[in-house]
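Data from input.cif: mmCIF, C-alpha atoms
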data_start
loop_
_atom_site.label_atom_id
_atom_site.label_comp_id
_atom_site.auth_asym_id
_atom_site.auth_seq_id
_atom_site.Cartn_x
_atom_site.Cartn_y
_atom_site.Cartn_z
CA MET A 1 -20.24 -14.18 -13.02
CA ALA A 2 -17.23 -14.59 -10.76
CA THR A 3 -17.58 -13.42 -7.18
CA TRP A 4 -15.04 -11.95 -4.75
CA ARG A 5 -14.38 -13.69 -1.45
CA TYR A 6 -14.17 -11.14 1.36
CA LYS A 7 -12.96 -13.33 4.21
CA ASN A 8 -9.27 -12.62 3.62
CA PRO A 9 -8.38 -9.26 2.00
CA PRO A 10 -5.52 -9.35 -0.54
CA ALA A 11 -2.03 -9.46 0.98
CA PRO A 12 0.01 -6.23 0.61
CA ALA A 13 2.36 -7.88 -1.87
CA ARG A 14 -0.56 -8.60 -4.20
CA LEU A 15 -2.42 -5.31 -3.88
CA SER A 16 -0.91 -3.78 -7.02
CA GLN A 17 -2.22 -6.67 -9.13
CA PHE A 18 -5.54 -6.33 -7.35
CA LEU A 19 -5.77 -2.65 -8.31
CA CYS A 20 -4.70 -3.24 -11.90
CA ALA A 21 -7.48 -5.82 -12.30
CA ALA A 22 -10.01 -3.38 -10.83
CA SER A 23 -8.86 -0.59 -13.12
CA GLU A 24 -9.07 -2.80 -16.21
CA ARG A 25 -12.53 -3.98 -15.18
CA GLY A 26 -13.68 -0.39 -14.76
CA GLU A 27 -12.32 0.54 -18.18
CA ARG A 28 -14.13 -2.40 -19.81
CA GLU A 29 -17.39 -1.38 -18.19
CA MET A 30 -16.97 2.17 -19.40
CA GLU A 31 -16.37 0.90 -22.92
CA GLY A 32 -19.43 -1.35 -22.69
CA GLN A 33 -21.57 1.55 -21.53
CA HIS A 34 -20.30 3.72 -24.34
CA ASP A 35 -21.12 1.00 -26.86
CA GLY A 36 -24.65 0.65 -25.52
CA ASP A 37 -24.03 -2.72 -23.86
CA GLY A 38 -27.08 -3.06 -21.61
CA GLY A 39 -25.47 -5.84 -19.61
CA GLY A 40 -22.43 -3.73 -18.90
CA VAL A 41 -24.58 -0.82 -17.74
CA ALA A 42 -26.80 -2.93 -15.51
CA ALA A 43 -24.20 -5.15 -13.94
CA GLU A 44 -22.15 -3.81 -11.07
CA ALA A 45 -18.48 -4.67 -11.15
CA ASP A 46 -17.59 -7.46 -8.75
CA ILE A 47 -15.04 -5.28 -7.05
CA GLU A 48 -17.73 -2.70 -6.27
CA ARG A 49 -19.44 -5.29 -4.08
CA LEU A 50 -16.72 -5.03 -1.47
CA PRO A 51 -18.12 -3.46 1.71
CA ALA A 52 -16.95 0.13 2.08
CA ASP A 53 -15.06 -0.52 5.33
CA LEU A 54 -13.28 -3.54 3.88
CA LEU A 55 -12.30 -1.62 0.76
CA ALA A 56 -10.90 1.20 2.91
CA HIS A 57 -8.97 -1.36 4.99
CA VAL A 58 -7.47 -2.94 1.87
CA LEU A 59 -6.36 0.49 0.64
CA PHE A 60 -4.94 1.25 4.09
CA LEU A 61 -2.43 -1.58 3.51
CA LEU A 62 -1.04 0.03 0.38
CA PRO A 63 2.54 1.23 0.99
CA SER A 64 2.93 2.97 -2.36
CA PHE A 65 1.71 6.43 -3.34
CA ARG A 66 1.49 5.17 -6.93
CA ASP A 67 -0.97 2.47 -5.87
CA LEU A 68 -3.02 4.98 -3.89
CA SER A 69 -3.23 7.23 -6.93
CA MET A 70 -4.32 4.29 -9.06
CA ALA A 71 -6.96 3.33 -6.51
CA GLY A 72 -8.36 6.84 -6.39
CA GLY A 73 -8.87 6.77 -10.14
CA VAL A 74 -10.94 3.57 -10.27
CA SER A 75 -14.24 5.20 -9.37
CA ARG A 76 -15.84 7.79 -7.12
CA ARG A 77 -16.49 5.09 -4.53
CA TRP A 78 -12.83 4.11 -4.54
CA ARG A 79 -11.77 7.73 -4.26
CA LEU A 80 -13.88 8.06 -1.12
CA ALA A 81 -12.39 4.81 0.19
CA VAL A 82 -8.88 6.21 -0.39
CA GLU A 83 -9.82 9.27 1.67
CA GLN A 84 -11.21 7.04 4.42
CA SER A 85 -8.04 4.94 4.45
CA LEU A 86 -5.88 8.07 4.59
CA ALA A 87 -7.85 9.27 7.60
CA SER A 88 -6.78 6.08 9.43
CA ARG A 89 -3.06 6.50 8.79
CA ARG A 90 -0.55 7.68 11.36
CA ARG A 91 2.27 8.03 8.84
CA LEU A 92 2.29 9.31 5.27
CA SER A 93 5.34 9.07 3.05
CA PHE A 94 5.93 10.42 -0.44
CA ALA A 95 9.62 9.52 -0.36
CA GLY A 96 10.78 8.29 -3.75
CA GLN A 97 7.44 8.98 -5.41
CA ARG A 98 6.84 11.24 -8.38
CA THR A 99 4.26 13.63 -7.02
CA GLY A 100 3.58 17.35 -7.28
CA ASP A 101 2.27 20.11 -5.07
CA ASP A 102 -1.47 19.71 -5.68
CA THR A 103 -1.63 15.94 -5.29
CA ALA A 104 0.55 15.88 -2.18
CA ALA A 105 -1.48 18.65 -0.53
CA ARG A 106 -4.76 16.90 -1.33
CA LEU A 107 -3.61 13.63 0.23
CA VAL A 108 -2.17 15.33 3.32
CA ARG A 109 -5.44 17.20 3.86
CA ALA A 110 -7.28 13.86 3.76
CA ALA A 111 -4.85 12.22 6.20
CA VAL A 112 -6.27 14.05 9.21
CA ASN A 113 -4.70 11.79 11.85
CA ILE A 114 -1.10 11.45 10.66
CA ARG A 115 1.72 12.25 13.04
CA ASP A 116 4.67 11.50 10.73
CA LEU A 117 4.97 13.22 7.33
CA ASP A 118 7.81 12.23 5.01
CA ILE A 119 8.14 14.09 1.71
CA SER A 120 11.83 13.47 1.24
CA ARG A 121 13.35 13.45 -2.21
CA SER A 122 15.02 10.21 -3.25
CA CYS A 123 16.31 8.77 -6.51
CA TRP A 124 13.01 9.26 -8.36
CA GLY A 125 12.35 12.72 -7.03
CA CYS A 126 9.51 14.24 -5.08
CA GLN A 127 8.67 17.42 -6.97
CA ILE A 128 7.45 19.56 -4.07
CA THR A 129 7.98 23.33 -4.10
CA ASP A 130 7.15 26.19 -1.76
CA GLU A 131 3.65 26.27 -3.21
CA GLY A 132 3.12 22.69 -2.09
CA LEU A 133 4.39 23.34 1.43
CA ILE A 134 2.12 26.38 1.74
CA LYS A 135 -0.88 24.27 0.71
CA ILE A 136 0.13 21.47 3.06
CA SER A 137 0.50 23.94 5.94
CA SER A 138 -3.27 24.56 5.85
CA ALA A 139 -4.08 20.88 6.52
CA ASP A 140 -5.76 20.09 9.82
CA CYS A 141 -3.13 17.49 10.72
CA VAL A 142 -0.16 19.88 10.68
CA GLY A 143 -0.64 21.07 14.25
CA ASN A 144 -0.42 17.46 15.47
CA LEU A 145 2.60 16.36 13.44
CA THR A 146 5.49 15.12 15.56
CA SER A 147 7.87 14.30 12.70
CA ILE A 148 8.47 16.00 9.35
CA SER A 149 11.11 15.14 6.77
CA LEU A 150 11.86 17.47 3.87
CA TRP A 151 15.19 15.85 3.11
CA GLY A 152 16.80 16.93 -0.14
CA LEU A 153 13.90 18.95 -1.56
CA ALA A 154 15.78 21.31 -3.87
CA GLY A 155 12.61 23.16 -4.87
CA ILE A 156 11.81 24.57 -1.43
CA THR A 157 13.07 27.73 0.27
CA ASP A 158 12.48 29.55 3.53
CA LYS A 159 9.11 30.76 2.23
CA GLY A 160 7.54 27.31 2.19
CA VAL A 161 9.34 25.95 5.24
CA VAL A 162 8.33 28.92 7.40
CA HIS A 163 4.66 28.47 6.45
CA LEU A 164 4.79 24.79 7.37
CA VAL A 165 6.73 24.83 10.64
CA SER A 166 4.89 27.89 11.93
CA ARG A 167 1.82 25.67 12.36
CA ALA A 168 3.65 22.50 13.47
CA TYR A 169 3.37 23.23 17.18
CA SER A 170 3.77 19.58 18.26
CA LEU A 171 6.88 18.90 16.16
CA LYS A 172 9.59 16.83 17.84
CA HIS A 173 11.71 15.64 14.92
CA LEU A 174 12.60 17.64 11.82
CA ASN A 175 14.79 16.70 8.85
CA ILE A 176 15.54 19.59 6.49
CA GLY A 177 18.97 18.39 5.45
CA GLY A 178 20.08 18.87 1.87
CA THR A 179 17.91 21.95 1.31
CA PHE A 180 18.71 25.61 0.65
CA ILE A 181 17.14 27.08 3.78
CA THR A 182 18.71 29.94 5.71
CA ASP A 183 18.52 31.20 9.28
CA GLU A 184 15.00 32.46 8.56
CA SER A 185 13.67 28.91 8.68
CA LEU A 186 15.48 28.19 11.94
CA TYR A 187 14.01 31.33 13.51
CA ALA A 188 10.54 30.05 12.58
CA VAL A 189 11.33 26.63 14.06
CA ALA A 190 12.66 28.24 17.23
CA ASN A 191 9.54 30.35 17.67
CA SER A 192 6.94 27.68 16.89
CA CYS A 193 8.43 24.26 17.68
CA THR A 194 9.45 24.51 21.31
CA ASN A 195 9.03 20.74 21.82
CA LEU A 196 11.66 19.91 19.19
CA LYS A 197 13.97 17.06 20.20
CA SER A 198 16.08 16.46 17.10
CA ILE A 199 16.86 18.26 13.86
CA ILE A 200 18.93 17.32 10.82
CA LEU A 201 20.60 20.23 9.04
CA TRP A 202 23.09 18.16 7.10
CA SER A 203 24.54 20.17 4.21
CA CYS A 204 22.37 23.24 4.90
CA ARG A 205 25.15 25.55 3.71
CA TYR A 206 23.27 28.82 4.10
CA VAL A 207 22.54 28.41 7.81
CA THR A 208 24.84 30.43 10.07
CA GLU A 209 25.81 30.38 13.73
CA ALA A 210 23.12 32.96 14.48
CA GLY A 211 20.37 30.60 13.36
CA LEU A 212 21.79 27.73 15.40
CA VAL A 213 22.06 29.86 18.53
CA ALA A 214 18.46 31.03 18.20
CA LEU A 215 17.33 27.43 17.75
CA VAL A 216 19.17 26.06 20.80
CA ASN A 217 18.16 29.06 22.94
CA LYS A 218 14.44 28.60 22.38
CA CYS A 219 14.11 24.85 21.84
CA ARG A 220 15.15 23.84 25.33
CA ARG A 221 14.15 20.20 24.82
CA LEU A 222 16.49 19.80 21.86
CA GLU A 223 18.62 16.69 22.38
CA CYS A 224 20.37 16.16 19.06
CA ILE A 225 21.40 18.25 16.07
CA ASN A 226 23.14 17.03 12.90
CA VAL A 227 25.35 19.72 11.39
CA GLY A 228 27.50 17.72 8.96
CA GLY A 229 28.37 19.44 5.69
CA MET A 230 27.54 22.92 6.94
CA ARG A 231 29.80 25.94 6.59
CA VAL A 232 29.63 26.87 10.25
CA PRO A 233 33.13 26.73 11.81
CA PRO A 234 33.61 24.02 14.45
CA GLU A 235 34.44 26.54 17.17
CA SER A 236 30.90 27.91 16.89
CA PHE A 237 29.53 24.72 18.39
CA VAL A 238 31.25 25.48 21.68
CA GLY A 239 28.76 28.28 22.17
CA LEU A 240 25.87 25.89 21.58
CA LEU A 241 27.16 23.56 24.26
CA SER A 242 27.43 26.45 26.69
CA ILE A 243 23.70 27.02 26.20
CA SER A 244 22.78 23.31 26.36
CA PRO A 245 25.61 21.16 27.75
CA ALA A 246 23.74 17.88 27.13
CA LEU A 247 23.15 18.65 23.44
CA GLN A 248 24.47 15.98 21.06
CA ILE A 249 26.12 17.61 18.05
CA ARG A 250 26.68 15.21 15.18
CA SER A 251 28.61 15.92 12.03
CA ILE A 252 28.08 12.85 9.87
CA PRO A 253 25.11 12.07 7.56
CA GLN A 254 23.61 9.34 9.75
CA ILE A 255 20.18 9.52 8.14
CA LEU A 256 20.11 10.01 4.40
CA ASN A 257 17.02 9.88 2.22
CA ALA A 258 14.87 8.95 5.19
CA SER A 259 12.67 10.57 7.75
CA VAL A 260 13.83 11.16 11.29
CA GLN A 261 13.11 8.16 13.46
CA VAL A 262 10.29 8.85 15.89
CA SER A 263 10.94 7.72 19.44
#

Show the structure stored in the file as structure tokens.
Amino acid sequence: MATWRYKNPPAPARLSQFLCAASERGEREMEGQHDGDGGGVAAEADIERLPADLLAHVLFLLPSFRDLSMAGGVSRRWRLAVEQSLASRRRLSFAGQRTGDDTAARLVRAAVNIRDLDISRSCWGCQITDEGLIKISSADCVGNLTSISLWGLAGITDKGVVHLVSRAYSLKHLNIGGTFITDESLYAVANSCTNLKSIILWSCRYVTEAGLVALVNKCRRLECINVGGMRVPPESFVGLLSISPALQIRSIPQILNASVQVS
């Protein structure tokens, strides 16, 4: 029987092949067990001999949500290792991944130590709705998040955003550009996220001057706001500068399809 060498875990570029081999091995064992193959039942898969901490470390290196999902489906032991690896992460990104409300919420709940959450929608689409944001808002990590990106999520409204930001007390950077939020979401941000430093509202066409004023009035640490593509008249920004003269007001889409950069 071939054995695995544990000294050097697989490089990130080869992890997908590593997972595919593990999945195929698991499927063959299941078939052998079903067929009454005593050897297949008795023998433990080579991959299952990896120490638990090493397996979790290997999975920690995975950059792709697709690979994480594949890993979680190999076996119960691998699913637990995925949860352990998620608990070690400081950043979790679903950008460009095909995922839904239940799966995203489950992974966020397992990632108890993340500070940066990116569920932006890109070319492949991240199918998150208000239901998903409400589920995510109950995760233990939300109160410690410093950066959240909801860029371009067409399926969310004020209902989901309000639930999420109302518990994100440590939030410093928020990207909700390209969504259909209204002033209601900005009121929630203003009341709960007093440490906010930057916000992207690019193409948020239903936000009005009233929402912006409330935001700048209460978020006194706000340094930068991106208002490109909005329907707010330019003269309205003069009032924002009277409240916070050092505020940087930008009107071009400097960050598209990406999370806000954390300082």

Which residues of stretch 155-183 of chain A come within 12 Å of stretch 217-231 of chain A, and what is each one's closest atom pair and distance in Å (one decimal), counting all atoms listed in the file, sorted by chain and residue number, as JSON lines?
{"residue": "A:Tyr169", "atom": "CA", "partner": "A:Cys219", "partner_atom": "CA", "distance": 11.8}
{"residue": "A:Leu171", "atom": "CA", "partner": "A:Cys219", "partner_atom": "CA", "distance": 11.0}
{"residue": "A:Lys172", "atom": "CA", "partner": "A:Leu222", "partner_atom": "CA", "distance": 8.5}
{"residue": "A:His173", "atom": "CA", "partner": "A:Leu222", "partner_atom": "CA", "distance": 9.4}
{"residue": "A:Leu174", "atom": "CA", "partner": "A:Ile225", "partner_atom": "CA", "distance": 9.8}
{"residue": "A:Asn175", "atom": "CA", "partner": "A:Asn226", "partner_atom": "CA", "distance": 9.3}
{"residue": "A:Ile176", "atom": "CA", "partner": "A:Asn226", "partner_atom": "CA", "distance": 10.3}
{"residue": "A:Gly177", "atom": "CA", "partner": "A:Asn226", "partner_atom": "CA", "distance": 8.6}
{"residue": "A:Gly178", "atom": "CA", "partner": "A:Gly229", "partner_atom": "CA", "distance": 9.1}
{"residue": "A:Thr179", "atom": "CA", "partner": "A:Met230", "partner_atom": "CA", "distance": 11.2}
{"residue": "A:Phe180", "atom": "CA", "partner": "A:Met230", "partner_atom": "CA", "distance": 11.2}
{"residue": "A:Ile181", "atom": "CA", "partner": "A:Met230", "partner_atom": "CA", "distance": 11.6}
{"residue": "A:Thr182", "atom": "CA", "partner": "A:Met230", "partner_atom": "CA", "distance": 11.3}

Go ahead and save the picked residues with C-alpha atoms, as a CSV table (one decimal), keeping the file's coordinate frame.
chain,number,residue,atom,x,y,z
A,169,TYR,CA,3.4,23.2,17.2
A,171,LEU,CA,6.9,18.9,16.2
A,172,LYS,CA,9.6,16.8,17.8
A,173,HIS,CA,11.7,15.6,14.9
A,174,LEU,CA,12.6,17.6,11.8
A,175,ASN,CA,14.8,16.7,8.8
A,176,ILE,CA,15.5,19.6,6.5
A,177,GLY,CA,19.0,18.4,5.4
A,178,GLY,CA,20.1,18.9,1.9
A,179,THR,CA,17.9,22.0,1.3
A,180,PHE,CA,18.7,25.6,0.6
A,181,ILE,CA,17.1,27.1,3.8
A,182,THR,CA,18.7,29.9,5.7

Exactly which residues make up the result of the PyMOL selection byres ((chain A and resi 141-154) around 8) on this file, given as an NGL selection string? :A and (108-109 or 111-122 or 126-129 or 136-140 or 155-156 or 164 or 167-180 or 256-260 or 262)

Excluding stretch 71-86 of chain A and any residue of its chain fewer than 3 positions from it, enumerate the residues within 6 Å of it, using all atoms listed in the file, and give them as a compact mmCIF listing (two decimals) with C-alpha atoms, keeping the file's coordinate frame.
# COMPACT_ATOMS: atom_id res chain seq x y z
CA SER A 23 -8.86 -0.59 -13.12
CA ALA A 56 -10.90 1.20 2.91
CA PHE A 60 -4.94 1.25 4.09
CA LEU A 68 -3.02 4.98 -3.89
CA ARG A 89 -3.06 6.50 8.79
CA ALA A 110 -7.28 13.86 3.76
CA ALA A 111 -4.85 12.22 6.20

Of the candidates A:Ser244, A:Ser88, A:Thr157, A:Ser192, which one gets nearest to A:Cys204 if we count all atoms listed in the file?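 When distances to A:Cys204 are compared using all atoms listed in the file, the smallest one comes from A:Thr157.
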
Excluding A:Leu215 and its own-chain neighbours fewer than 5 positions away, which residues fall within 8 Å of it when counting only C-alpha atoms? Please give them as a tab-separated table (two decimals) with C-alpha atoms, in the frame of the given file.
chain	number	residue	atom	x	y	z
A	186	LEU	CA	15.48	28.19	11.94
A	187	TYR	CA	14.01	31.33	13.51
A	189	VAL	CA	11.33	26.63	14.06
A	190	ALA	CA	12.66	28.24	17.23

Mind giving me the straight-line distance from atom CA of A:Thr103 to atom CA of A:Ala87 in Å, one decimal?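 Going from atom CA of A:Thr103 over to atom CA of A:Ala87 covers 15.8 Å.
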
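Of the residues listed (A:Leu247, A:Ile200, A:Leu54, A:Val238), A:Leu247 shows the shortest atom-to-atom separation from A:Val216; distances use all atoms listed in the file.
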
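Note that atom CA of A:Leu212 and atom CA of A:Ser242 are 12.7 Å apart.
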
Let me make sure I understand: among A:Gln248, A:Ser93, A:Ser236, A:Asn191, which one has the smallest atom-to-atom distance to A:Val213 if we use all atoms listed in the file?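 Residue with the minimum atom-to-atom distance to A:Val213: A:Ser236.
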
What does the structure give for the distance between atom CA of A:Lys135 and atom CA of A:Leu107, in Å to one decimal?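 So the two atoms, atom CA of A:Lys135 and atom CA of A:Leu107, lie 11.0 Å apart.
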
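The residue that comes closest to A:Asp130, out of A:Thr99, A:Leu201, A:Val162, A:Arg49 and on the basis of all atoms listed in the file, is A:Val162.
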